[in-house]
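For reference, final_6.cif is printed below; it contains mmCIF, C-alpha atoms.
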```cif
data_my_file
#
loop_
_atom_site.label_atom_id
_atom_site.label_comp_id
_atom_site.auth_asym_id
_atom_site.auth_seq_id
_atom_site.Cartn_x
_atom_site.Cartn_y
_atom_site.Cartn_z
CA MET E 336 -29.85 5.78 23.19
CA THR E 337 -26.12 6.33 23.67
CA ALA E 338 -23.87 8.28 21.34
CA ALA E 339 -22.35 5.01 20.22
CA ASP E 340 -25.78 3.63 19.37
CA THR E 341 -26.59 6.74 17.40
CA THR E 342 -23.37 6.42 15.44
CA THR E 343 -24.14 2.78 14.73
CA ASP E 344 -27.65 3.54 13.50
CA ARG E 345 -26.45 6.31 11.23
CA GLY E 346 -23.65 4.17 9.82
CA LEU E 347 -20.52 5.88 8.62
CA ARG E 348 -22.26 9.06 7.46
CA GLY E 349 -22.51 10.51 10.97
CA ASN E 350 -19.09 9.34 12.11
CA ARG E 351 -17.09 12.57 12.21
CA ASP E 352 -13.85 11.10 13.52
CA PHE E 353 -13.85 8.29 10.96
CA HIS E 354 -14.19 10.82 8.15
CA LEU E 355 -11.38 12.95 9.59
CA LEU E 356 -9.10 9.92 9.79
CA TRP E 357 -10.21 8.80 6.33
CA ALA E 358 -9.49 12.22 4.83
CA GLY E 359 -6.20 12.76 6.66
CA ALA E 360 -4.89 9.32 5.77
CA GLY E 361 -6.08 9.82 2.19
CA LEU E 362 -4.04 13.00 1.85
CA SER E 363 -1.06 11.29 3.45
CA PHE E 364 -1.29 8.24 1.17
CA LEU E 365 -1.71 10.49 -1.86
CA GLY E 366 1.56 12.24 -1.00
CA SER E 367 3.35 8.94 -0.39
CA ARG E 368 2.13 7.42 -3.65
CA MET E 369 3.15 10.54 -5.54
CA SER E 370 6.69 10.53 -4.20
CA ALA E 371 7.08 6.73 -4.45
CA PHE E 372 6.26 6.93 -8.17
CA ALA E 373 8.40 10.05 -8.63
CA TYR E 374 11.64 8.54 -7.26
CA PRO E 375 12.20 5.95 -10.04
CA LEU E 376 10.47 8.11 -12.64
CA VAL E 377 12.78 11.10 -12.13
CA VAL E 378 15.90 8.90 -12.04
CA LEU E 379 14.90 6.92 -15.16
CA TRP E 380 14.25 10.02 -17.27
CA ALA E 381 17.33 11.84 -15.93
CA THR E 382 19.83 8.98 -16.33
CA GLY E 383 18.19 6.56 -18.78
CA SER E 384 19.26 3.69 -16.51
CA PRO E 385 16.63 1.07 -15.52
CA ALA E 386 19.15 -0.33 -13.01
CA GLU E 387 19.49 2.98 -11.13
CA SER E 388 15.74 3.56 -11.35
CA GLY E 389 15.11 0.10 -9.91
CA LEU E 390 17.71 0.70 -7.19
CA VAL E 391 16.11 3.90 -5.89
CA ALA E 392 12.71 2.17 -5.97
CA PHE E 393 14.30 -0.69 -4.00
CA VAL E 394 15.53 1.72 -1.33
CA ALA E 395 12.09 3.38 -1.13
CA GLN E 396 10.40 0.00 -0.65
CA LEU E 397 13.04 -1.47 1.71
CA PRO E 398 11.21 -0.21 4.86
CA TYR E 399 8.30 -2.51 3.93
CA LEU E 400 10.75 -5.30 4.74
CA LEU E 401 12.72 -3.80 7.63
CA ALA E 402 10.25 -1.59 9.51
CA GLN E 403 7.01 -3.59 9.53
CA LEU E 404 7.51 -5.62 12.70
CA PRO E 405 8.91 -2.80 14.87
CA ALA E 406 6.10 -0.55 13.59
CA GLY E 407 3.48 -3.04 14.82
CA VAL E 408 4.95 -3.02 18.33
CA VAL E 409 5.04 0.79 18.32
CA ALA E 410 1.42 1.04 17.09
CA ASP E 411 0.19 -1.18 19.94
CA ARG E 412 2.28 0.50 22.65
CA PHE E 413 2.02 4.26 21.95
CA ASP E 414 -0.85 6.66 21.38
CA ARG E 415 -1.82 6.05 17.75
CA ARG E 416 -3.09 9.57 17.10
CA ARG E 417 0.21 11.13 18.21
CA LEU E 418 2.07 8.50 16.22
CA LEU E 419 0.20 9.42 13.03
CA ILE E 420 0.93 13.10 13.60
CA ALA E 421 4.64 12.45 14.18
CA CYS E 422 4.85 10.45 10.94
CA ASP E 423 3.29 13.29 8.94
CA VAL E 424 5.64 15.87 10.43
CA GLY E 425 8.68 13.67 9.77
CA ARG E 426 7.71 13.06 6.15
CA LEU E 427 6.98 16.75 5.63
CA ILE E 428 10.53 17.63 6.69
CA ALA E 429 12.22 14.77 4.79
CA VAL E 430 10.42 15.13 1.46
CA GLY E 431 10.44 18.92 1.72
CA SER E 432 14.26 18.79 1.59
CA ILE E 433 14.23 17.37 -1.96
CA PRO E 434 13.01 20.51 -3.80
CA VAL E 435 15.56 22.59 -1.88
CA TRP E 436 18.39 20.18 -2.80
CA LEU E 437 17.32 19.95 -6.46
CA LEU E 438 17.15 23.71 -6.84
CA LEU E 439 20.50 24.30 -5.10
CA PHE E 440 22.61 21.34 -6.15
CA GLY E 441 20.72 19.43 -8.86
CA LEU E 442 19.74 15.77 -8.95
CA SER E 443 21.53 13.56 -6.41
CA PHE E 444 20.85 9.83 -6.54
CA TRP E 445 22.11 9.38 -2.96
CA GLN E 446 20.09 12.21 -1.47
CA LEU E 447 16.94 10.87 -3.15
CA SER E 448 17.73 7.39 -1.82
CA VAL E 449 18.19 8.56 1.79
CA VAL E 450 14.96 10.56 1.77
CA ALA E 451 13.10 7.72 0.05
CA PHE E 452 14.14 5.34 2.85
CA ILE E 453 13.15 7.79 5.61
CA GLU E 454 9.79 8.54 4.02
CA GLY E 455 9.13 4.85 3.40
CA THR E 456 9.85 3.99 7.04
CA LEU E 457 7.47 6.64 8.36
CA THR E 458 4.84 5.57 5.83
CA VAL E 459 5.01 1.98 7.12
CA VAL E 460 4.48 3.15 10.71
CA TYR E 461 1.63 5.44 9.64
CA ARG E 462 -0.11 2.73 7.62
CA ILE E 463 -0.07 0.16 10.43
CA ALA E 464 -1.18 2.66 13.09
CA GLU E 465 -4.03 3.90 10.87
CA ARG E 466 -5.27 0.38 10.13
CA ALA E 467 -5.04 -0.66 13.77
CA ALA E 468 -7.02 2.46 14.79
CA LEU E 469 -10.00 1.85 12.50
CA PRO E 470 -12.06 -0.42 14.83
CA SER E 471 -11.76 2.21 17.57
CA LEU E 472 -13.84 4.57 15.44
CA VAL E 473 -16.17 2.23 13.54
CA PRO E 474 -18.75 -0.22 14.97
CA GLU E 475 -18.20 -3.86 14.07
CA GLU E 476 -21.19 -4.08 11.72
CA HIS E 477 -19.74 -1.26 9.57
CA LEU E 478 -16.13 -2.48 9.47
CA THR E 479 -16.30 -4.18 6.07
CA THR E 480 -17.84 -1.05 4.54
CA ALA E 481 -15.21 1.13 6.21
CA ILE E 482 -12.39 -1.10 4.94
CA SER E 483 -13.89 -0.95 1.45
CA HIS E 484 -13.93 2.86 1.67
CA ASN E 485 -10.33 2.85 2.88
CA GLU E 486 -9.18 0.59 0.06
CA ALA E 487 -11.00 2.79 -2.47
CA ARG E 488 -9.21 5.77 -0.93
CA GLU E 489 -5.82 4.08 -1.28
CA GLN E 490 -6.55 3.05 -4.85
CA ALA E 491 -7.61 6.61 -5.64
CA ALA E 492 -4.43 7.88 -3.97
CA GLY E 493 -2.42 5.59 -6.23
CA LEU E 494 -4.40 6.75 -9.24
CA LEU E 495 -3.96 10.44 -8.54
CA GLY E 496 -0.51 10.13 -7.02
CA GLN E 497 1.11 8.22 -9.87
CA GLY E 498 -0.65 10.24 -12.53
CA GLY E 499 0.10 13.49 -10.76
CA ALA E 500 3.75 12.58 -10.26
CA GLY E 501 4.22 12.03 -13.99
CA LEU E 502 2.51 15.28 -14.95
CA LEU E 503 4.31 17.34 -12.31
CA ALA E 504 7.71 15.79 -13.06
CA ALA E 505 7.24 16.70 -16.71
CA VAL E 506 7.04 20.36 -15.58
CA ALA E 507 9.88 20.26 -13.03
CA GLN E 508 11.72 17.43 -11.27
CA TRP E 509 11.15 18.91 -7.82
CA LEU E 510 7.42 19.62 -8.20
CA PRO E 511 6.07 16.13 -7.18
CA PHE E 512 8.11 16.28 -3.97
CA LEU E 513 6.94 19.78 -3.06
CA SER E 514 3.34 18.65 -3.60
CA THR E 515 3.96 15.62 -1.36
CA ALA E 516 5.23 17.85 1.45
CA VAL E 517 2.14 20.07 1.20
CA LEU E 518 -0.17 17.02 1.36
CA HIS E 519 1.52 15.76 4.53
CA ALA E 520 1.02 19.20 6.07
CA CYS E 521 -2.71 19.08 5.24
CA SER E 522 -2.98 15.56 6.68
CA PHE E 523 -1.36 16.78 9.89
CA GLY E 524 -4.08 19.43 10.18
CA THR E 525 -6.97 16.94 9.88
CA LEU E 526 -5.48 14.61 12.50
CA LEU E 527 -5.42 17.43 15.05
CA LEU E 528 -9.24 17.58 14.85
CA ILE E 529 -9.89 13.94 15.83
CA ARG E 530 -11.49 13.74 19.28
CA LYS E 531 -11.72 10.03 20.08
CA LYS E 532 -8.85 7.84 21.21
CA LEU E 533 -7.57 5.50 18.55
CA GLN E 534 -7.11 2.57 20.93
CA VAL E 535 -9.91 0.42 22.31
CA SER E 536 -7.65 -0.91 25.06
CA THR E 537 -4.81 0.79 26.86
CA ALA E 538 -1.31 -0.56 27.27
CA PRO E 539 -0.68 -2.66 30.43
CA ALA E 540 0.96 -1.04 33.44
CA GLU E 541 4.10 -3.08 32.79
CA PRO E 542 4.30 -3.45 29.00
CA GLN E 543 5.99 -6.46 27.48
CA LYS E 544 9.53 -6.23 26.26
CA PRO E 545 9.61 -5.43 22.52
CA LEU E 546 10.78 -8.90 21.53
CA ALA E 547 8.13 -10.65 23.64
CA ALA E 548 5.44 -8.34 22.22
CA LEU E 549 6.63 -9.05 18.71
CA LEU E 550 6.62 -12.81 19.24
CA GLU E 551 3.02 -12.64 20.44
CA GLY E 552 1.94 -11.21 17.09
CA LEU E 553 4.03 -13.75 15.20
CA ARG E 554 2.45 -16.62 17.15
CA TRP E 555 -1.03 -15.40 16.33
CA MET E 556 -0.28 -15.27 12.60
CA ALA E 557 1.46 -18.66 12.70
CA GLY E 558 -1.67 -20.16 14.24
CA ASN E 559 -4.00 -18.96 11.47
CA ARG E 560 -3.29 -21.09 8.40
CA PHE E 561 -5.51 -19.19 5.97
CA ALA E 562 -4.14 -15.76 6.91
CA ARG E 563 -0.60 -17.08 6.62
CA ALA E 564 -1.21 -18.65 3.20
CA ALA E 565 -3.03 -15.59 1.83
CA ALA E 566 -0.24 -13.27 2.97
CA GLY E 567 2.37 -15.49 1.35
CA LEU E 568 0.52 -15.52 -1.98
CA ILE E 569 0.11 -11.75 -1.85
CA ALA E 570 3.85 -11.43 -1.17
CA VAL E 571 4.81 -13.17 -4.41
CA SER E 572 2.16 -11.43 -6.52
CA ASN E 573 3.14 -8.00 -5.15
CA LEU E 574 6.77 -8.70 -6.02
CA LEU E 575 5.72 -9.61 -9.55
CA PHE E 576 3.65 -6.46 -9.94
CA GLN E 577 6.61 -4.30 -8.87
CA VAL E 578 8.58 -5.89 -11.72
CA LEU E 579 5.66 -5.40 -14.10
CA MET E 580 5.18 -1.74 -13.14
CA LEU E 581 8.80 -0.95 -13.96
CA ALA E 582 8.48 -2.94 -17.21
CA VAL E 583 5.48 -0.82 -18.19
CA LEU E 584 7.48 2.39 -17.62
CA VAL E 585 10.30 1.04 -19.79
CA MET E 586 7.85 0.00 -22.55
CA VAL E 587 6.34 3.48 -22.56
CA ARG E 588 9.79 5.07 -22.74
CA ASP E 589 11.00 2.67 -25.47
CA HIS E 590 7.96 3.60 -27.60
CA GLY E 591 8.93 7.27 -27.36
CA GLY E 592 6.45 8.15 -24.64
CA SER E 593 7.05 10.94 -22.13
CA GLN E 594 6.62 11.08 -18.38
CA ALA E 595 3.14 12.47 -19.00
CA THR E 596 2.36 9.42 -21.17
CA ALA E 597 3.47 7.15 -18.33
CA SER E 598 1.09 9.02 -16.05
CA VAL E 599 -1.80 8.29 -18.45
CA VAL E 600 -1.11 4.57 -18.06
CA SER E 601 -1.12 4.97 -14.28
CA VAL E 602 -4.35 6.98 -14.27
CA VAL E 603 -6.25 4.49 -16.43
CA SER E 604 -4.98 1.54 -14.39
CA GLY E 605 -5.79 3.28 -11.11
CA ILE E 606 -9.44 3.60 -12.10
CA GLY E 607 -9.64 -0.19 -12.07
CA GLY E 608 -8.35 -0.31 -8.50
CA VAL E 609 -10.89 2.27 -7.32
CA LEU E 610 -13.74 0.37 -8.97
CA GLY E 611 -12.52 -2.90 -7.47
CA ALA E 612 -12.48 -1.44 -3.96
CA THR E 613 -15.93 0.13 -4.25
CA THR E 614 -17.52 -3.09 -5.56
CA ALA E 615 -15.55 -5.47 -3.31
CA ALA E 616 -18.44 -6.06 -0.89
CA PHE E 617 -20.59 -7.31 -3.81
CA TRP E 618 -18.05 -9.98 -4.75
CA ILE E 619 -17.17 -10.93 -1.18
CA ARG E 620 -20.81 -11.78 -0.46
CA ARG E 621 -20.91 -14.09 -3.50
CA ILE E 622 -17.45 -15.66 -3.75
CA SER E 623 -15.59 -17.46 -0.98
CA LEU E 624 -12.18 -16.11 -0.09
CA PRO E 625 -10.37 -19.31 -1.23
CA ALA E 626 -12.06 -19.09 -4.65
CA LEU E 627 -11.18 -15.40 -4.83
CA VAL E 628 -7.52 -16.08 -4.00
CA ILE E 629 -7.17 -18.84 -6.60
CA GLY E 630 -9.20 -17.10 -9.30
CA ALA E 631 -7.31 -13.82 -8.92
CA ASN E 632 -3.96 -15.45 -9.63
CA GLY E 633 -5.38 -17.31 -12.64
CA LEU E 634 -6.80 -14.14 -14.16
CA TRP E 635 -3.54 -12.27 -13.60
CA ALA E 636 -1.61 -15.03 -15.38
CA LEU E 637 -3.86 -14.53 -18.42
CA LEU E 638 -3.75 -10.72 -18.41
CA VAL E 639 -0.02 -10.08 -17.84
CA PRO E 640 1.29 -11.26 -21.27
CA LEU E 641 -1.34 -9.17 -23.07
CA THR E 642 0.56 -6.02 -22.01
CA LEU E 643 3.19 -6.88 -24.65
CA PHE E 644 0.62 -6.37 -27.40
CA SER E 645 -0.72 -3.05 -26.11
CA PRO E 646 1.53 -0.15 -27.17
CA ASN E 647 -1.37 2.29 -26.79
CA PRO E 648 -1.09 3.84 -23.27
CA VAL E 649 -4.86 3.81 -22.67
CA LEU E 650 -5.13 0.12 -23.60
CA LEU E 651 -2.03 -0.70 -21.57
CA GLY E 652 -3.53 1.13 -18.62
CA ALA E 653 -6.85 -0.71 -19.08
CA LEU E 654 -5.11 -4.09 -18.83
CA TYR E 655 -3.22 -2.99 -15.77
CA GLY E 656 -6.50 -1.57 -14.41
CA ALA E 657 -8.22 -4.95 -14.75
CA MET E 658 -5.42 -6.48 -12.70
CA SER E 659 -5.76 -3.68 -10.13
CA TYR E 660 -9.52 -4.30 -9.95
CA ILE E 661 -8.94 -7.95 -9.02
CA GLY E 662 -6.25 -7.06 -6.49
CA ALA E 663 -8.46 -4.50 -4.74
CA VAL E 664 -11.29 -7.00 -4.26
CA TRP E 665 -8.84 -9.53 -2.84
CA THR E 666 -7.29 -6.95 -0.49
CA VAL E 667 -10.64 -5.87 0.96
CA GLY E 668 -11.70 -9.48 1.52
CA VAL E 669 -8.54 -10.53 3.36
CA SER E 670 -8.32 -7.26 5.33
CA ALA E 671 -11.93 -7.51 6.52
CA TYR E 672 -11.30 -11.11 7.57
CA LEU E 673 -8.26 -10.14 9.66
CA VAL E 674 -9.83 -7.06 11.26
CA GLY E 675 -12.83 -9.14 12.27
CA ILE E 676 -10.86 -11.79 14.16
CA VAL E 677 -7.78 -10.02 15.61
CA PRO E 678 -8.14 -8.55 19.15
CA ASP E 679 -7.39 -4.84 19.52
CA HIS E 680 -4.32 -5.22 21.74
CA LEU E 681 -2.71 -7.39 19.02
CA ARG E 682 -4.00 -5.55 15.98
CA GLY E 683 -0.92 -3.45 15.30
CA ARG E 684 1.45 -6.41 15.61
CA VAL E 685 -0.65 -8.82 13.55
CA THR E 686 -1.15 -6.13 10.90
CA SER E 687 2.61 -5.60 10.82
CA VAL E 688 3.29 -9.33 10.39
CA ALA E 689 0.72 -9.58 7.58
CA SER E 690 2.11 -6.44 5.95
CA LEU E 691 5.67 -7.76 6.21
CA LEU E 692 4.68 -10.98 4.45
CA ALA E 693 2.63 -9.16 1.83
CA TYR E 694 4.69 -6.04 1.16
CA GLY E 695 8.21 -6.84 2.32
CA PRO E 696 9.14 -8.30 -1.09
CA LEU E 697 8.21 -5.03 -2.84
CA ALA E 698 11.76 -3.75 -2.46
CA PHE E 699 13.21 -6.85 -4.07
CA GLY E 700 10.64 -6.61 -6.86
CA SER E 701 11.93 -3.16 -7.78
CA LEU E 702 15.55 -4.30 -7.61
CA LEU E 703 14.82 -7.50 -9.55
CA GLY E 704 12.80 -5.59 -12.14
CA GLY E 705 15.61 -3.13 -12.81
CA PHE E 706 18.20 -5.81 -13.45
CA ALA E 707 15.79 -8.13 -15.32
CA LEU E 708 14.89 -5.33 -17.72
CA SER E 709 18.56 -4.50 -18.25
CA SER E 710 19.32 -8.16 -19.03
CA PHE E 711 16.19 -9.52 -20.75
CA HIS E 712 14.40 -6.34 -21.87
CA ALA E 713 10.67 -5.82 -21.49
CA THR E 714 9.46 -8.84 -23.49
CA GLY E 715 11.46 -11.46 -21.60
CA THR E 716 10.67 -9.85 -18.25
CA VAL E 717 6.91 -9.72 -18.83
CA LEU E 718 6.78 -13.33 -20.06
CA ALA E 719 8.69 -14.44 -16.98
CA VAL E 720 6.21 -12.61 -14.73
CA ALA E 721 3.29 -14.33 -16.49
CA GLY E 722 4.92 -17.75 -16.09
CA VAL E 723 5.51 -17.31 -12.36
CA MET E 724 1.93 -16.09 -11.94
CA ALA E 725 0.65 -19.28 -13.60
CA VAL E 726 2.71 -21.39 -11.19
CA LEU E 727 1.34 -19.30 -8.30
CA THR E 728 -2.21 -20.18 -9.38
CA LEU E 729 -1.42 -23.90 -9.11
CA VAL E 730 0.21 -23.39 -5.72
CA ALA E 731 -2.87 -21.53 -4.44
CA ALA E 732 -5.21 -24.27 -5.67
CA ALA E 733 -3.13 -26.97 -3.93
CA SER E 734 -2.47 -25.03 -0.70
CA PRO E 735 -3.84 -26.65 2.49
CA GLY E 736 -3.79 -23.22 4.10
CA VAL E 737 -6.14 -21.76 1.47
CA ARG E 738 -8.48 -24.75 1.80
CA SER E 739 -8.48 -24.39 5.62
CA PHE E 740 -10.52 -21.15 5.45
CA SER E 741 -13.56 -21.00 7.70
CA ARG E 742 -16.02 -18.11 7.87
#
```

Mind turning this structure into structure tokens?
Amino acid sequence: MTAADTTTDRGLRGNRDFHLLWAGAGLSFLGSRMSAFAYPLVVLWATGSPAESGLVAFVAQLPYLLAQLPAGVVADRFDRRRLLIACDVGRLIAVGSIPVWLLLFGLSFWQLSVVAFIEGTLTVVYRIAERAALPSLVPEEHLTTAISHNEAREQAAGLLGQGGAGLLAAVAQWLPFLSTAVLHACSFGTLLLIRKKLQVSTAPAEPQKPLAALLEGLRWMAGNRFARAAAGLIAVSNLLFQVLMLAVLVMVRDHGGSQATASVVSVVSGIGGVLGATTAAFWIRRISLPALVIGANGLWALLVPLTLFSPNPVLLGALYGAMSYIGAVWTVGVSAYLVGIVPDHLRGRVTSVASLLAYGPLAFGSLLGGFALSSFHATGTVLAVAGVMAVLTLVAAASPGVRSFSR
């Protein structure tokens, strides 16, 4: 029996390199989630301006629009392990500059914005390279389980990162950013211990030009109607949830809540995402992906307006947690589908195209949320989000791309 056969028989428990990558990426994502939540949180409590808070969140999310496609080309062309290490080192330096600046010069909106953009760009590259590397470490029969574990890890990172950012920012503005820098340093250490290569196939002797390589990934996505439709629906729903997240922060603040109170909402809601990821395989075996896509949007449309009647932070977090539960199940299902059908030499580029469609609008969601809340306040903004989500449910039900799904 070969080493690979032994690893397959023992499942993920005996897969040392998978666990190292899982742990290192978990620490890295925890740091990124902590800082991403801290940027608008610190600005909102320091200035009282939803518009400025939304603007810094927009800058932090802008790389999800601008950097996705180049990151996919880079992840397919260069050594993914070295790429992950370089991203951790870069984020350590960038985010580590914030505590120094805050202590020496005080809060600077522009300095926070520049660092947020740099960190966001490196996070995009890291995320795509890590996802593309997974099948190099995990046998095909364990991929769905591994993706479920990874999604649970990311949900837990969001849970701990957002909650931790609120608690740490309540102590000192610079503390969430110092903690993020330390987490990236720890992630760097775990990646150094990985032994296996993170590519199944090597780059050709004469690699394609970047544009030609990029177009190859775009053509693959364009040829898969279900993947294209699912990514488009995720794009709109993610934009709406960025608006809703900022609305929740404003509602907490308007009710006299502190940054720590906002973190309670994030913690309770994050539990739902973790539970959704860990139970995703159960639902995926019983519900078709088209039914999951349509049903998720319908349930969100029902749950969103209920947040207006939930001033209690625990109850507000529970509603948001139910929405996170649904989103995690959907994410695992679509991710497992893509990983199972995309060839390794295209995996970084296809992942980048899917991520661009799904997460590119995040930046505009933050910007839109800031100005919507300034103009229409929390009630009008939340009702608008619910209305668009209802329309999205009808679009999903009528979509030929969703109905084209084939196992």

Result set, the PyMOL selection byres ((chain E and resi 417-425) around 10) on current file, as a PyMOL selection string = chain E and resi 356+359-360+363+409-410+413-416+426-431+453-454+456-465+516+518-527+533

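Between CA of Phe353 in chain E and CA of Leu472 in chain E lies a distance of 5.8 Å.
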
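Summary of the local environment: counting all atoms listed in the file, residues at most 6 Å from range 369-376 of chain E, other than itself and those fewer than 6 positions away along its chain, are Ser388, Ala392, Gly496, Gln497, Ala500 and Phe512 of chain E.
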
Show me, as JSON lines, the residues of range 630-667 of chain E having an atom within 9 Å of range 604-624 of chain E, each with the closest atom pair and its distance in Å, using only C-alpha atoms.
```
{"residue": "E:Val649", "atom": "CA", "partner": "E:Ser604", "partner_atom": "CA", "distance": 8.6}
{"residue": "E:Leu651", "atom": "CA", "partner": "E:Ser604", "partner_atom": "CA", "distance": 8.1}
{"residue": "E:Gly652", "atom": "CA", "partner": "E:Ser604", "partner_atom": "CA", "distance": 4.5}
{"residue": "E:Ala653", "atom": "CA", "partner": "E:Ser604", "partner_atom": "CA", "distance": 5.5}
{"residue": "E:Leu654", "atom": "CA", "partner": "E:Ser604", "partner_atom": "CA", "distance": 7.2}
{"residue": "E:Tyr655", "atom": "CA", "partner": "E:Ser604", "partner_atom": "CA", "distance": 5.1}
{"residue": "E:Gly656", "atom": "CA", "partner": "E:Ser604", "partner_atom": "CA", "distance": 3.5}
{"residue": "E:Ala657", "atom": "CA", "partner": "E:Gly607", "partner_atom": "CA", "distance": 5.6}
{"residue": "E:Met658", "atom": "CA", "partner": "E:Gly607", "partner_atom": "CA", "distance": 7.6}
{"residue": "E:Ser659", "atom": "CA", "partner": "E:Gly608", "partner_atom": "CA", "distance": 4.6}
{"residue": "E:Tyr660", "atom": "CA", "partner": "E:Gly611", "partner_atom": "CA", "distance": 4.1}
{"residue": "E:Ile661", "atom": "CA", "partner": "E:Gly611", "partner_atom": "CA", "distance": 6.4}
{"residue": "E:Gly662", "atom": "CA", "partner": "E:Gly608", "partner_atom": "CA", "distance": 7.3}
{"residue": "E:Ala663", "atom": "CA", "partner": "E:Ala612", "partner_atom": "CA", "distance": 5.1}
{"residue": "E:Val664", "atom": "CA", "partner": "E:Ala615", "partner_atom": "CA", "distance": 4.6}
{"residue": "E:Trp665", "atom": "CA", "partner": "E:Ala615", "partner_atom": "CA", "distance": 7.9}
{"residue": "E:Thr666", "atom": "CA", "partner": "E:Ala612", "partner_atom": "CA", "distance": 8.3}
{"residue": "E:Val667", "atom": "CA", "partner": "E:Ala615", "partner_atom": "CA", "distance": 6.5}
```

May I have the selected residues written with C-alpha atoms, as an mmCIF file, in the frame of the given file?
```
data_model
loop_
_atom_site.group_PDB
_atom_site.id
_atom_site.type_symbol
_atom_site.label_atom_id
_atom_site.label_comp_id
_atom_site.auth_asym_id
_atom_site.auth_seq_id
_atom_site.Cartn_x
_atom_site.Cartn_y
_atom_site.Cartn_z
ATOM 1 C CA VAL E 649 -4.860 3.810 -22.670
ATOM 2 C CA LEU E 651 -2.030 -0.700 -21.570
ATOM 3 C CA GLY E 652 -3.530 1.130 -18.620
ATOM 4 C CA ALA E 653 -6.850 -0.710 -19.080
ATOM 5 C CA LEU E 654 -5.110 -4.090 -18.830
ATOM 6 C CA TYR E 655 -3.220 -2.990 -15.770
ATOM 7 C CA GLY E 656 -6.500 -1.570 -14.410
ATOM 8 C CA ALA E 657 -8.220 -4.950 -14.750
ATOM 9 C CA MET E 658 -5.420 -6.480 -12.700
ATOM 10 C CA SER E 659 -5.760 -3.680 -10.130
ATOM 11 C CA TYR E 660 -9.520 -4.300 -9.950
ATOM 12 C CA ILE E 661 -8.940 -7.950 -9.020
ATOM 13 C CA GLY E 662 -6.250 -7.060 -6.490
ATOM 14 C CA ALA E 663 -8.460 -4.500 -4.740
ATOM 15 C CA VAL E 664 -11.290 -7.000 -4.260
ATOM 16 C CA TRP E 665 -8.840 -9.530 -2.840
ATOM 17 C CA THR E 666 -7.290 -6.950 -0.490
ATOM 18 C CA VAL E 667 -10.640 -5.870 0.960
#
```

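Look at Ala381 in chain E: the protein and nucleic acid residues within 12 Å of it, using all atoms listed in the file and passing over chain neighbours fewer than 2 places away, are Ala373, Tyr374, Pro375, Leu376, Val377, Val378, Leu379, Gly383, Ser384, Pro385, Glu387, Ser388, Gly441, Leu442, Ser443, Phe444, Ala504, Ala505, Ala507, Gln508 and Gln594 of chain E.
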
Can you list what the PyMOL selection byres ((chain E and resi 721) around 12) grabs from this structure, as a compact mmCIF listing (two decimals) with C-alpha atoms, in the frame of the given file?
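The new file expr.txt reads:
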```txt
# COMPACT_ATOMS: atom_id res chain seq x y z
CA SER E 572 2.16 -11.43 -6.52
CA LEU E 575 5.72 -9.61 -9.55
CA PHE E 576 3.65 -6.46 -9.94
CA VAL E 578 8.58 -5.89 -11.72
CA LEU E 579 5.66 -5.40 -14.10
CA ASN E 632 -3.96 -15.45 -9.63
CA GLY E 633 -5.38 -17.31 -12.64
CA LEU E 634 -6.80 -14.14 -14.16
CA TRP E 635 -3.54 -12.27 -13.60
CA ALA E 636 -1.61 -15.03 -15.38
CA LEU E 637 -3.86 -14.53 -18.42
CA LEU E 638 -3.75 -10.72 -18.41
CA VAL E 639 -0.02 -10.08 -17.84
CA PRO E 640 1.29 -11.26 -21.27
CA LEU E 641 -1.34 -9.17 -23.07
CA THR E 642 0.56 -6.02 -22.01
CA LEU E 643 3.19 -6.88 -24.65
CA THR E 714 9.46 -8.84 -23.49
CA GLY E 715 11.46 -11.46 -21.60
CA THR E 716 10.67 -9.85 -18.25
CA VAL E 717 6.91 -9.72 -18.83
CA LEU E 718 6.78 -13.33 -20.06
CA ALA E 719 8.69 -14.44 -16.98
CA VAL E 720 6.21 -12.61 -14.73
CA GLY E 722 4.92 -17.75 -16.09
CA VAL E 723 5.51 -17.31 -12.36
CA MET E 724 1.93 -16.09 -11.94
CA ALA E 725 0.65 -19.28 -13.60
CA VAL E 726 2.71 -21.39 -11.19
CA LEU E 727 1.34 -19.30 -8.30
CA THR E 728 -2.21 -20.18 -9.38
```

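The space between CA of Leu447 in chain E and CA of Ile433 in chain E spans 7.1 Å.
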
Using only C-alpha atoms, the shortest atom-to-atom distance to Val674 in chain E among E:Thr686, E:Ser709, E:Val517, E:Ala565 belongs to E:Thr686

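Nearest residue to Ala481 in chain E among E:Val583, E:Trp357, E:Leu574, E:Leu568 is E:Trp357, counting all atoms listed in the file.
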
Nearby residues (only C-alpha atoms) at most 10 Å from range 346-351 of chain E, same-chain spacing under 6 positions excluded, as number ranges by chain = E: 339-340, 357, 472-474, 476-478, 480-481, 528-531

Please produce an output containing C-alpha atoms for each residue in the selection, written as an mmCIF file, keeping the file's coordinate frame.
```
data_model
loop_
_atom_site.group_PDB
_atom_site.id
_atom_site.type_symbol
_atom_site.label_atom_id
_atom_site.label_comp_id
_atom_site.auth_asym_id
_atom_site.auth_seq_id
_atom_site.Cartn_x
_atom_site.Cartn_y
_atom_site.Cartn_z
ATOM 1 C CA ALA E 339 -22.350 5.010 20.220
ATOM 2 C CA ASP E 340 -25.780 3.630 19.370
ATOM 3 C CA TRP E 357 -10.210 8.800 6.330
ATOM 4 C CA LEU E 472 -13.840 4.570 15.440
ATOM 5 C CA VAL E 473 -16.170 2.230 13.540
ATOM 6 C CA PRO E 474 -18.750 -0.220 14.970
ATOM 7 C CA GLU E 476 -21.190 -4.080 11.720
ATOM 8 C CA HIS E 477 -19.740 -1.260 9.570
ATOM 9 C CA LEU E 478 -16.130 -2.480 9.470
ATOM 10 C CA THR E 480 -17.840 -1.050 4.540
ATOM 11 C CA ALA E 481 -15.210 1.130 6.210
ATOM 12 C CA LEU E 528 -9.240 17.580 14.850
ATOM 13 C CA ILE E 529 -9.890 13.940 15.830
ATOM 14 C CA ARG E 530 -11.490 13.740 19.280
ATOM 15 C CA LYS E 531 -11.720 10.030 20.080
#
```
